Structure formats: C-alpha cells, structure tokens
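*Asks:* Structure incoming, see below.
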Amino acid sequence: MNKRRFRTRISLGLAFVCGSALLLACNYQAAVTPTPERPNPPAGTSASTQTPAIVFPESSVISPDGLHAARIDGGDRLVIIDSGGGEAEIAGSGEITRFLWFPDSRHLVYTDRVSTGAGFPSTEDRLWIADIVSGTPSEIDKGFAPNVSPNGNRVAFLLGARVGDACLVGFGLGVVELDDQTRPVSLLRQEEISGFPISEEAETFYPALGKDLEFPGIWRDASTLEVQMRWACKTDDPGNGVYLVDLESMRAEKIGELPAE
C-alpha cells in the first residue's frame, strides 16, 4: 500500500471519529438542557378562568338558559331567583298549583286557584303568563294544567272548571295563541276543532290523563298536539282514543286506542 492511500484512510477515520464525538456532544447538551420554567401568576390572581356553576335551591325549577330559577313559596307565592341568589315575587294571591318556563327563559305560565266565595265549585283556577323582567302577569282564562309549545307561541291547557258530575265534566281542551311578545291574542276551544265526536245526550268528551302522556297532552311540534280523549261515561266507546290535533287546520284525527290502565 502506498503512503498517499494510507494517509487518506487515516484522515477519513479521524474525520469520522471527530464527527461522531461532536454529534454525541450535541445530543448530550440537548438532553441535559433544562426547560425554562413558567413564571408563577402574580399574587392575588387565579390560574383558572372557568365561571363557577350557579347553585339554585333544590326545590326550584331552573330556566332553560340556566340563569334563573322559580319556586312556589308557601303554596301561594311564585318566586324568581336570579344567579346571585336574589329573590323577587312575581305572583301571589290564591294557591299556585303549577308553573312552567317558556323557552325564552323570560316568561312563565302558572295556575292560580282562588276561592269563589260562594256556590259550586268553591274554588276556581285561573291561568296566567308572567314576565319576570317587568313582573307584569297577563291573564289567559279560567283553566289549569298548562303545557307550553316547543317554540313558546302556544299554550295548551284544560279550559274550564276542575269539576265533574255524572256524565258531565267541567273542562275541555283549550289552546291560547301568543304574539311575539308572549301576550295572549286568541283562544281556541275544543268545540272549534273538527274531528272530535260530539254527543247529543250532553255527555262530555274530554282530555284525560293517560299513561306516559302529559296533561293535557304532549307537543309533537309547534303546531301539533297529541291528546288522549274519552267520554265521561262511555268507557268502551270507539270514539275514545289518542288524537293528533293539527292547530293550523284546526282538525283532530284519531291515531290509536287508549293504553290499558
């Protein structure tokens, strides 16, 4: 082997050894270099930016937006609770038996039962809509058991008195139409809806509380209500059944039989 080739091999070997050493040194430096620590937040500040959850009393019903709650206090006062724990009475006279929030979280519908003073029945249920911002209630009519439509533009309820006698019942289906300010503008009564059986013997065909169905019925959409209807005295009448009420056409159609009790 000549000297020139020998020197070349030595040079390449030294270059390889030096390069490897340099690479190892760099990797070691990177491995042991500490990561800079994040500075601690200034005293008196919190590292968390989450808003604490609002806790309302267990006896209250929270509004759809979660910012308010409502409860019946003492049986005769409807009280609104805000996110800070403050309370405001928006209704109170007789016995408040039921209330529901509207989807807008600003309005409630409630039933107020008051004494008639004399005669039969001795009490009367009135239906109201309350605005929790203004505190002003709007009376709908005599009735109870309200159910608000999904978009808040209607309230179905039992229109009339909570009484019955033999084959007569003092209430029927009612639906109140509301404007864009949630104020009552019109009232639809059961007798104005076609498709329901009519009695010539003064017997009452009325909404009944059924299994797995809210009273007076459940909303299928903003203009369609499913109700269970029956005669007061004819338990086996073919007219008894589940009806779908289209409030746009004001027509009812029987879609099934009443479930077994």
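Labels used: A, B, ... for chains in the order of the structure tokens, numbers from 1 for residues in each chain, and numbers from 1 for ligands as shown.
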Got a sec: who's within 10 Å of A:Leu225, counting only C-alpha atoms, leaving out chain neighbours fewer than 6 positions off, as a ChimeraX atom specification?

*Replies:* /A:149,156,175,216-219,243-247,252

*Asks:* For A:Trp101, list every protein, DNA or RNA residue within 10 Å, evaluated using only C-alpha atoms, and leave out those in the same chain fewer than 6 positions away; present the list as a list in words.

*Replies:*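 Everything that qualifies: Val61, Ile62, Ser63, Pro64, Ala69, Ala70, His107, Leu108, Val109, Tyr110, Ile129, Ala130, Asn147, Val148 and Gly152 of chain A.
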
*Asks:* Find the residue from A:Ile81, A:Leu67, A:Ala232, A:Ala118 that sits nearest to A:Phe171; use only C-alpha atoms when measuring.

*Replies:*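 Closest candidate: A:Ala232.
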
*Asks:* What parts of stretch 72-199 of chain A does DSSP call strand (DSSP E)? I'd like the answer as number ranges by chain.

*Replies:* A: 72-73, 77-82, 87-92, 95-101, 107-115, 123-131, 137-148, 154-165, 168-178, 184-189

*Asks:* Just the number, please: distance in Å from atom CA of A:Lys234 to atom CA of A:Ala161, one decimal.

*Replies:*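 Computing the Euclidean distance for atom CA of A:Lys234 and atom CA of A:Ala161 yields 21.0 Å.
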
*Asks:* Let me make sure I understand: among A:Glu191, A:Arg106, A:Pro207, A:Glu177, which one has the smallest atom-to-atom distance to A:Ile132 if we use only C-alpha atoms?

*Replies:* A:Arg106

*Asks:* Give the helix (DSSP H, G or I) residues of stretch 17-237 of chain A, as assigned by DSSP on the backbone, as JSON, numbers by chain.

*Replies:* {"A": [17, 18, 19, 20, 21, 22, 23, 24, 25, 26, 27, 28, 29, 30, 31, 32, 190, 191, 192]}

*Asks:* Between A:Ser186, A:Ser115, A:Ser83, A:Ser122, which one has atoms that come closest to A:Glu95, using only C-alpha atoms?

*Replies:*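 Checking each of A:Ser186, A:Ser115, A:Ser83, A:Ser122 against A:Glu95, counting only C-alpha atoms, the winner is A:Ser115.
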
*Asks:* I'd like the contact shell of A:Asp125 - 6 Å cut-off, only C-alpha atoms, skipping same-chain residues fewer than 6 positions apart - returned as a list of chain:residue names.

*Replies:*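 Those residues are A:Asp112, A:Arg113, A:Lys142, A:Gly143.
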
*Asks:* Given the choices A:Ser249, A:Ser223, A:Gln190, A:Thr182, which gets closest to A:Ser138 if the distance is worked out from only C-alpha atoms?

*Replies:*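 Looking at the shortest contact to A:Ser138, the residue is A:Thr182.
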
*Asks:* Quick one: residues within 12 Å of A:Asp73, only C-alpha atoms counted, chain neighbours fewer than 2 positions away excluded, as a CSV table (one decimal) with C-alpha atoms, in the first residue's frame?

*Replies:*
chain,number,residue,atom,x,y,z
A,57,PRO,CA,-82.3,25.6,45.7
A,59,SER,CA,-87.0,22.9,45.3
A,60,SER,CA,-86.7,25.3,42.4
A,70,ALA,CA,-88.6,29.7,40.1
A,71,ARG,CA,-90.3,28.0,43.0
A,75,GLY,CA,-98.2,27.4,48.3
A,76,ASP,CA,-99.4,30.9,47.3
A,77,ARG,CA,-96.2,32.8,46.1
A,78,LEU,CA,-94.3,32.3,42.9
A,79,VAL,CA,-90.8,33.5,43.4
A,80,ILE,CA,-88.0,34.1,40.9
A,81,ILE,CA,-84.4,33.5,42.0
A,87,GLU,CA,-85.4,36.7,45.0
A,88,ALA,CA,-88.4,38.5,43.7
A,89,GLU,CA,-92.1,37.6,44.0
A,90,ILE,CA,-93.9,37.8,40.6
A,91,ALA,CA,-97.3,36.3,41.7
A,92,GLY,CA,-99.3,35.6,44.8
A,93,SER,CA,-102.9,35.6,45.7
A,94,GLY,CA,-104.5,32.1,45.9
A,95,GLU,CA,-102.9,28.7,45.7
A,96,ILE,CA,-100.4,28.3,42.8
A,97,THR,CA,-100.8,24.8,41.7

*Asks:* For a test of reading the model, state the distance in Å between atom CA of A:Pro184 and atom CA of A:Gly135, rounded to one decimal.

*Replies:*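 Atom CA of A:Gly135 lies 16.2 Å from atom CA of A:Pro184.
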
*Asks:* Using only C-alpha atoms, which protein or nucleic acid residues come within 9 Å of A:Asp65? Drop anything in the same chain fewer than 3 positions from it, and give the result as a PyMOL selection string.

*Replies:* chain A and resi 62+68+103-105

*Asks:* Which one is closest to A:Cys233: A:Ser194, A:Ala166, A:Gly174, A:Arg220? Count only C-alpha atoms.

*Replies:*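 For A:Cys233, the nearest of the candidates is A:Ala166.
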
*Asks:* Can you work out which one of A:Asp237, A:Asp82, A:Asp180, A:Asp165 has the shortest atom-to-atom distance to A:Ser199, counting only C-alpha atoms?

*Replies:*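 Using only C-alpha atoms, the shortest distance to A:Ser199 belongs to A:Asp237.
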
*Asks:* Find the spatial neighbours of A:Tyr206, counting only C-alpha atoms, within a cut-off of 9 Å - ignore same-chain residues fewer than 3 positions away - and output them as a list in words.

*Replies:*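 The filter keeps Val169, Phe171, Gly172, Leu173, Gln190, Gln228, Met229, Arg230, Trp231 and Ala232 of chain A.
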
*Asks:* Hey, can you spit out that residue selection with N, CA, C and O atoms as an mmCIF file, in the first residue's frame?

*Replies:*
data_model
loop_
_atom_site.group_PDB
_atom_site.id
_atom_site.type_symbol
_atom_site.label_atom_id
_atom_site.label_comp_id
_atom_site.auth_asym_id
_atom_site.auth_seq_id
_atom_site.Cartn_x
_atom_site.Cartn_y
_atom_site.Cartn_z
ATOM 1 N N VAL A 169 -118.325 16.781 32.501
ATOM 2 C CA VAL A 169 -117.062 17.266 33.037
ATOM 3 C C VAL A 169 -116.991 18.750 32.728
ATOM 4 O O VAL A 169 -117.387 19.188 31.642
ATOM 5 N N PHE A 171 -114.586 20.776 32.012
ATOM 6 C CA PHE A 171 -113.472 21.343 31.258
ATOM 7 C C PHE A 171 -113.282 20.599 29.938
ATOM 8 O O PHE A 171 -113.769 19.490 29.741
ATOM 9 N N GLY A 172 -112.580 21.246 29.041
ATOM 10 C CA GLY A 172 -112.230 20.655 27.746
ATOM 11 C C GLY A 172 -110.876 21.185 27.322
ATOM 12 O O GLY A 172 -110.223 21.941 28.058
ATOM 13 N N LEU A 173 -110.456 20.832 26.127
ATOM 14 C CA LEU A 173 -109.161 21.272 25.620
ATOM 15 C C LEU A 173 -109.226 22.738 25.194
ATOM 16 O O LEU A 173 -110.162 23.174 24.528
ATOM 17 N N GLN A 190 -112.108 23.588 22.371
ATOM 18 C CA GLN A 190 -112.241 22.238 21.834
ATOM 19 C C GLN A 190 -113.354 22.126 20.809
ATOM 20 O O GLN A 190 -113.197 21.442 19.780
ATOM 21 N N GLN A 228 -105.040 12.401 24.693
ATOM 22 C CA GLN A 228 -105.874 11.233 24.926
ATOM 23 C C GLN A 228 -107.263 11.734 25.308
ATOM 24 O O GLN A 228 -107.396 12.511 26.252
ATOM 25 N N MET A 229 -108.278 11.266 24.575
ATOM 26 C CA MET A 229 -109.639 11.761 24.764
ATOM 27 C C MET A 229 -110.573 10.598 25.071
ATOM 28 O O MET A 229 -110.421 9.494 24.542
ATOM 29 N N ARG A 230 -111.561 10.870 25.944
ATOM 30 C CA ARG A 230 -112.553 9.838 26.265
ATOM 31 C C ARG A 230 -113.869 10.480 26.666
ATOM 32 O O ARG A 230 -113.930 11.646 27.069
ATOM 33 N N TRP A 231 -114.924 9.660 26.543
ATOM 34 C CA TRP A 231 -116.221 10.076 27.042
ATOM 35 C C TRP A 231 -116.252 9.903 28.554
ATOM 36 O O TRP A 231 -115.650 8.991 29.103
ATOM 37 N N ALA A 232 -117.004 10.775 29.215
ATOM 38 C CA ALA A 232 -117.078 10.718 30.672
ATOM 39 C C ALA A 232 -117.775 9.447 31.153
ATOM 40 O O ALA A 232 -117.450 8.927 32.215
#
